[in-house]
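Source file: work.cif (mmCIF, C-alpha atoms)
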data_final
#
loop_
_atom_site.group_PDB
_atom_site.id
_atom_site.type_symbol
_atom_site.label_atom_id
_atom_site.label_comp_id
_atom_site.auth_asym_id
_atom_site.auth_seq_id
_atom_site.Cartn_x
_atom_site.Cartn_y
_atom_site.Cartn_z
ATOM 1 C CA MET A 1248 14.365 10.179 -15.169
ATOM 2 C CA LEU A 1249 11.121 8.513 -16.240
ATOM 3 C CA GLN A 1250 11.589 6.252 -19.257
ATOM 4 C CA GLU A 1251 8.585 4.132 -20.125
ATOM 5 C CA LYS A 1252 10.592 1.962 -22.547
ATOM 6 C CA TYR A 1253 12.122 0.303 -19.474
ATOM 7 C CA LEU A 1254 8.758 -0.968 -18.258
ATOM 8 C CA PHE A 1255 9.561 -4.174 -20.146
ATOM 9 C CA GLU A 1256 13.355 -4.324 -20.109
ATOM 10 C CA ASP A 1257 16.170 -3.592 -17.674
ATOM 11 C CA GLN A 1258 18.009 -0.296 -17.741
ATOM 12 C CA PRO A 1259 21.628 -0.369 -18.987
ATOM 13 C CA LEU A 1260 23.488 -0.184 -15.689
ATOM 14 C CA GLU A 1261 26.458 1.663 -17.153
ATOM 15 C CA GLU A 1262 24.197 4.714 -17.696
ATOM 16 C CA MET A 1263 23.138 4.862 -14.039
ATOM 17 C CA ILE A 1264 25.228 6.540 -11.334
ATOM 18 C CA VAL A 1265 23.046 5.208 -8.493
ATOM 19 C CA PRO A 1266 21.897 1.577 -9.009
ATOM 20 C CA ILE A 1267 18.502 0.120 -8.122
ATOM 21 C CA ASP A 1268 18.010 -0.584 -4.449
ATOM 22 C CA GLY A 1269 15.487 -2.084 -2.059
ATOM 23 C CA VAL A 1270 14.804 -1.086 1.524
ATOM 24 C CA THR A 1271 12.953 -3.204 4.081
ATOM 25 C CA LEU A 1272 10.666 -1.030 6.216
ATOM 26 C CA ALA A 1273 9.399 -1.445 9.776
ATOM 27 C CA VAL A 1274 6.999 1.413 10.489
ATOM 28 C CA GLU A 1275 4.979 2.119 13.627
ATOM 29 C CA SER A 1276 1.221 2.313 13.234
ATOM 30 C CA GLY A 1277 -1.140 2.351 16.197
ATOM 31 C CA GLY A 1278 1.670 1.280 18.513
ATOM 32 C CA GLU A 1279 2.528 -1.790 16.390
ATOM 33 C CA LEU A 1280 5.073 -2.451 13.647
ATOM 34 C CA ILE A 1281 3.960 -2.908 10.055
ATOM 35 C CA PHE A 1282 6.424 -4.245 7.507
ATOM 36 C CA GLY A 1283 6.971 -3.237 3.921
ATOM 37 C CA ARG A 1284 9.401 -2.914 1.071
ATOM 38 C CA LEU A 1285 10.530 0.225 -0.752
ATOM 39 C CA GLU A 1286 11.878 -0.369 -4.271
ATOM 40 C CA LEU A 1287 14.134 2.437 -5.499
ATOM 41 C CA PRO A 1288 14.920 2.989 -9.190
ATOM 42 C CA ALA A 1289 18.372 3.604 -10.617
ATOM 43 C CA VAL A 1290 19.088 7.295 -11.238
ATOM 44 C CA GLN A 1291 21.574 9.159 -13.389
ATOM 45 C CA ASN A 1292 22.740 11.559 -10.669
ATOM 46 C CA LYS A 1293 22.572 11.783 -6.886
ATOM 47 C CA GLU A 1294 20.451 14.948 -6.967
ATOM 48 C CA GLU A 1295 17.648 13.403 -8.991
ATOM 49 C CA ARG A 1296 14.342 13.007 -7.112
ATOM 50 C CA THR A 1297 11.982 10.226 -8.106
ATOM 51 C CA PRO A 1298 8.208 9.976 -7.862
ATOM 52 C CA LEU A 1299 6.720 7.380 -5.515
ATOM 53 C CA LEU A 1300 3.773 5.034 -5.876
ATOM 54 C CA LEU A 1301 2.516 3.608 -2.563
ATOM 55 C CA MET A 1302 0.636 0.374 -3.275
ATOM 56 C CA MET A 1303 -2.115 -1.038 -1.032
ATOM 57 C CA HIS A 1304 -3.020 -4.682 -1.523
ATOM 58 C CA GLY A 1305 -6.439 -6.282 -1.333
ATOM 59 C CA HIS A 1306 -8.005 -8.720 1.130
ATOM 60 C CA PRO A 1307 -6.408 -10.993 2.300
ATOM 61 C CA GLY A 1308 -3.193 -9.851 0.630
ATOM 62 C CA ILE A 1309 -2.120 -12.919 -1.336
ATOM 63 C CA SER A 1310 -1.875 -10.846 -4.535
ATOM 64 C CA ARG A 1311 0.248 -7.703 -4.158
ATOM 65 C CA ASN A 1312 0.896 -6.618 -7.766
ATOM 66 C CA ILE A 1313 4.646 -6.816 -7.171
ATOM 67 C CA ASP A 1314 5.211 -7.381 -10.907
ATOM 68 C CA LEU A 1315 3.744 -3.918 -11.482
ATOM 69 C CA ALA A 1316 5.989 -2.477 -8.761
ATOM 70 C CA MET A 1317 9.100 -3.887 -10.452
ATOM 71 C CA ALA A 1318 8.092 -2.654 -13.910
ATOM 72 C CA LEU A 1319 7.516 0.848 -12.565
ATOM 73 C CA ARG A 1320 10.848 0.780 -10.724
ATOM 74 C CA ARG A 1321 12.640 -0.018 -13.983
ATOM 75 C CA ALA A 1322 10.890 2.970 -15.572
ATOM 76 C CA GLY A 1323 12.104 5.345 -12.835
ATOM 77 C CA ILE A 1324 9.301 5.308 -10.241
ATOM 78 C CA ALA A 1325 9.945 4.307 -6.631
ATOM 79 C CA THR A 1326 7.336 1.858 -5.347
ATOM 80 C CA CYS A 1327 6.363 0.739 -1.859
ATOM 81 C CA TYR A 1328 4.150 -2.152 -0.781
ATOM 82 C CA PHE A 1329 3.454 -3.314 2.756
ATOM 83 C CA SER A 1330 1.293 -5.505 4.998
ATOM 84 C CA TYR A 1331 -1.414 -4.072 7.240
ATOM 85 C CA ARG A 1332 -1.469 -4.792 10.944
ATOM 86 C CA GLY A 1333 -2.221 -8.407 11.816
ATOM 87 C CA ILE A 1334 -1.418 -9.884 8.401
ATOM 88 C CA TRP A 1335 1.655 -11.446 6.757
ATOM 89 C CA GLY A 1336 3.963 -10.766 9.692
ATOM 90 C CA SER A 1337 2.942 -7.223 10.602
ATOM 91 C CA ARG A 1338 2.182 -6.932 14.306
ATOM 92 C CA GLY A 1339 -1.151 -6.177 15.964
ATOM 93 C CA ASP A 1340 -4.742 -6.988 15.005
ATOM 94 C CA TYR A 1341 -6.302 -6.834 11.564
ATOM 95 C CA THR A 1342 -9.377 -4.635 11.161
ATOM 96 C CA PHE A 1343 -10.682 -2.536 8.295
ATOM 97 C CA SER A 1344 -10.108 0.578 10.414
ATOM 98 C CA HIS A 1345 -6.485 -0.452 10.836
ATOM 99 C CA VAL A 1346 -6.128 -0.842 7.069
ATOM 100 C CA ILE A 1347 -6.922 2.875 6.708
ATOM 101 C CA GLU A 1348 -4.720 3.905 9.629
ATOM 102 C CA ASP A 1349 -1.796 1.811 8.375
ATOM 103 C CA THR A 1350 -2.021 3.370 4.904
ATOM 104 C CA GLN A 1351 -1.867 6.830 6.472
ATOM 105 C CA ALA A 1352 1.065 5.812 8.693
ATOM 106 C CA MET A 1353 3.110 4.432 5.786
ATOM 107 C CA PHE A 1354 2.400 7.478 3.614
ATOM 108 C CA ALA A 1355 3.467 9.836 6.423
ATOM 109 C CA TYR A 1356 6.611 7.800 7.104
ATOM 110 C CA LEU A 1357 7.682 7.959 3.467
ATOM 111 C CA GLN A 1358 7.048 11.705 3.411
ATOM 112 C CA ALA A 1359 9.206 12.162 6.511
ATOM 113 C CA HIS A 1360 12.061 10.149 4.958
ATOM 114 C CA ALA A 1361 11.803 11.473 1.396
ATOM 115 C CA ASP A 1362 15.251 13.113 1.487
ATOM 116 C CA GLU A 1363 16.920 9.909 2.685
ATOM 117 C CA TRP A 1364 15.722 7.983 -0.383
ATOM 118 C CA ARG A 1365 15.742 10.845 -2.934
ATOM 119 C CA LEU A 1366 11.948 10.799 -3.264
ATOM 120 C CA ASP A 1367 10.019 13.793 -4.573
ATOM 121 C CA PRO A 1368 7.335 14.517 -1.926
ATOM 122 C CA LYS A 1369 5.390 16.583 -4.479
ATOM 123 C CA ARG A 1370 4.963 13.468 -6.626
ATOM 124 C CA PHE A 1371 3.591 10.902 -4.194
ATOM 125 C CA TYR A 1372 0.854 8.738 -5.707
ATOM 126 C CA VAL A 1373 -1.246 5.933 -4.253
ATOM 127 C CA LEU A 1374 -2.651 2.753 -5.774
ATOM 128 C CA GLY A 1375 -5.219 0.531 -4.128
ATOM 129 C CA HIS A 1376 -6.547 -2.828 -5.284
ATOM 130 C CA SER A 1377 -9.886 -4.012 -3.846
ATOM 131 C CA MET A 1378 -9.562 -3.522 -0.054
ATOM 132 C CA GLY A 1379 -6.575 -1.311 -0.811
ATOM 133 C CA GLY A 1380 -8.857 0.826 -3.008
ATOM 134 C CA PHE A 1381 -11.238 1.136 -0.063
ATOM 135 C CA SER A 1382 -8.301 2.359 2.015
ATOM 136 C CA VAL A 1383 -7.139 4.848 -0.622
ATOM 137 C CA MET A 1384 -10.614 6.387 -0.995
ATOM 138 C CA ASN A 1385 -11.000 6.841 2.743
ATOM 139 C CA CYS A 1386 -7.485 8.225 3.219
ATOM 140 C CA LEU A 1387 -8.012 10.772 0.452
ATOM 141 C CA ALA A 1388 -11.364 11.757 1.973
ATOM 142 C CA GLN A 1389 -9.518 12.371 5.250
ATOM 143 C CA GLY A 1390 -6.995 14.660 3.548
ATOM 144 C CA MET A 1391 -4.005 12.480 2.712
ATOM 145 C CA PRO A 1392 -1.947 14.727 0.357
ATOM 146 C CA ALA A 1393 -1.329 12.361 -2.556
ATOM 147 C CA ARG A 1394 -0.897 13.975 -5.950
ATOM 148 C CA GLY A 1395 -2.997 11.296 -7.607
ATOM 149 C CA ALA A 1396 -4.619 7.924 -7.077
ATOM 150 C CA ILE A 1397 -5.272 4.702 -8.980
ATOM 151 C CA LEU A 1398 -8.201 2.519 -7.891
ATOM 152 C CA MET A 1399 -8.317 -1.082 -9.118
ATOM 153 C CA ALA A 1400 -11.732 -2.666 -8.439
ATOM 154 C CA PRO A 1401 -12.127 -0.818 -5.108
ATOM 155 C CA CYS A 1402 -14.183 -2.523 -2.399
ATOM 156 C CA ASN A 1403 -17.039 -0.718 -0.625
ATOM 157 C CA THR A 1404 -16.873 -2.339 2.797
ATOM 158 C CA GLY A 1405 -19.750 -0.360 4.279
ATOM 159 C CA PHE A 1406 -22.009 -1.425 1.411
ATOM 160 C CA LEU A 1407 -21.000 -5.075 1.797
ATOM 161 C CA ALA A 1408 -21.849 -5.020 5.492
ATOM 162 C CA GLU A 1409 -25.233 -3.441 4.831
ATOM 163 C CA SER A 1410 -26.466 -5.009 1.615
ATOM 164 C CA GLN A 1411 -24.510 -8.080 0.544
ATOM 165 C CA ASN A 1412 -24.360 -10.460 3.462
ATOM 166 C CA GLU A 1413 -23.311 -13.491 1.417
ATOM 167 C CA VAL A 1414 -20.421 -11.649 -0.202
ATOM 168 C CA TYR A 1415 -19.411 -10.254 3.151
ATOM 169 C CA LYS A 1416 -19.430 -13.721 4.722
ATOM 170 C CA GLY A 1417 -16.916 -14.773 2.077
ATOM 171 C CA LEU A 1418 -14.539 -12.066 3.294
ATOM 172 C CA THR A 1419 -14.790 -13.162 6.905
ATOM 173 C CA ASP A 1420 -15.202 -16.943 6.771
ATOM 174 C CA PRO A 1421 -12.720 -19.116 8.712
ATOM 175 C CA ALA A 1422 -10.699 -20.004 5.601
ATOM 176 C CA ALA A 1423 -10.065 -16.342 4.750
ATOM 177 C CA CYS A 1424 -9.454 -15.353 8.343
ATOM 178 C CA MET A 1425 -6.697 -17.920 8.839
ATOM 179 C CA TYR A 1426 -4.355 -15.306 7.364
ATOM 180 C CA PHE A 1427 -5.208 -12.686 9.975
ATOM 181 C CA THR A 1428 -4.660 -11.969 13.641
ATOM 182 C CA LEU A 1429 -8.176 -11.125 14.836
ATOM 183 C CA ARG A 1430 -9.368 -10.209 18.340
ATOM 184 C CA HIS A 1431 -12.494 -12.334 17.788
ATOM 185 C CA ASP A 1432 -14.469 -13.876 14.927
ATOM 186 C CA MET A 1433 -16.920 -10.986 14.505
ATOM 187 C CA VAL A 1434 -14.477 -8.075 14.747
ATOM 188 C CA LEU A 1435 -14.417 -7.350 11.005
ATOM 189 C CA ARG A 1436 -18.181 -7.339 10.712
ATOM 190 C CA GLU A 1437 -18.538 -5.135 13.800
ATOM 191 C CA ASP A 1438 -15.925 -2.732 12.445
ATOM 192 C CA ALA A 1439 -17.709 -2.426 9.096
ATOM 193 C CA GLU A 1440 -21.148 -1.968 10.674
ATOM 194 C CA GLN A 1441 -19.843 0.682 13.062
ATOM 195 C CA HIS A 1442 -18.296 2.745 10.243
ATOM 196 C CA GLN A 1443 -20.515 1.968 7.258
ATOM 197 C CA GLU A 1444 -21.959 5.491 6.974
ATOM 198 C CA GLU A 1445 -18.515 7.096 7.309
ATOM 199 C CA TRP A 1446 -16.945 4.745 4.763
#
structure tokens encoding of this file:
Amino acid sequence: MLQEKYLFEDQPLEEMIVPIDGVTLAVESGGELIFGRLELPAVQNKEERTPLLLMMHGHPGISRNIDLAMALRRAGIATCYFSYRGIWGSRGDYTFSHVIEDTQAMFAYLQAHADEWRLDPKRFYVLGHSMGGFSVMNCLAQGMPARGAILMAPCNTGFLAESQNEVYKGLTDPAACMYFTLRHDMVLREDAEQHQEEW
């Protein structure tokens, strides 16, 4: 049951039949494993289905809005956050294309396992911050069946590659890229230039 008063305080546990829970996820995307965390709210009965918010972080993923995830969990919304390929322990190489593919893979995985975690597949929402917003927009354009979306300062990667070279260099300089597993130094720029019209 959604109760917004619990955004800022914990639920009284004696009222909840099923307590809060957290599930560590290892999901295949493009032949590699990406890792995430599913936060499940407490519910008053075992038949209750909860909505889900899938959260996509920005570049390079230092800020994940986990405080928001926990507040929403207290209010009765399941939340999931994860790391794209090639970043923060997820396997494979980091590219902007993989960011989109990994978002689709995690969404599909959660849909397939909705019954296991008492999620309501008709109430799946997505949130993207910066690079995550870029991913959300592209996934929705490709038909990802989310009920709704929240975009927080979404990044337009194609526009950066075409028109804002200095800003783009900041995204791909050696200091930023130390967080990523990259095939080579120019792979992010090449990826953005190849897909800038599509994105």
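A straight line drawn from CA of Val1290 (chain A) to CA of Asp1314 (chain A) is 20.2 Å long.
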| task | Apply the PyMOL selection byres ((chain A and resi 1339) around 8) to the displayed file and report the matching residues as a list in words. | result |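 With the PyMOL selection byres ((chain A and resi 1339) around 8) on this model, the match is Glu1279, Leu1280, Arg1332, Gly1333, Ser1337, Arg1338, Asp1340, Tyr1341 and Thr1428 of chain A.
In this model, the gap between CA of Ala1352 (chain A) and CA of Arg1394 (chain A) comes to 16.9 Å.
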| What is the CA of Met1425 (chain A) to CA of Asp1349 (chain A) distance in Å? | 20.3 Å
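Minimum atom-to-atom distances from A:Glu1444, A:His1345, A:Arg1311, A:Phe1371 to Met1399 (chain A) were compared using all atoms listed in the file, and the lowest value belongs to A:Arg1311.
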| request: Considering all atoms listed in the file, state which residue in the set A:Lys1293, A:His1442, A:His1376, A:His1360 is at the smallest distance from Val1274 (chain A). | output: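 Among the listed residues, A:His1360 lies closest to Val1274 (chain A).
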| request: Would you translate the PyMOL selection byres ((chain A and resi 1316) around 9) into the concrete set of residues it matches in this file, as a PyMOL selection string? | output: chain A and resi 1286+1300+1302+1312-1315+1317-1321+1324-1328
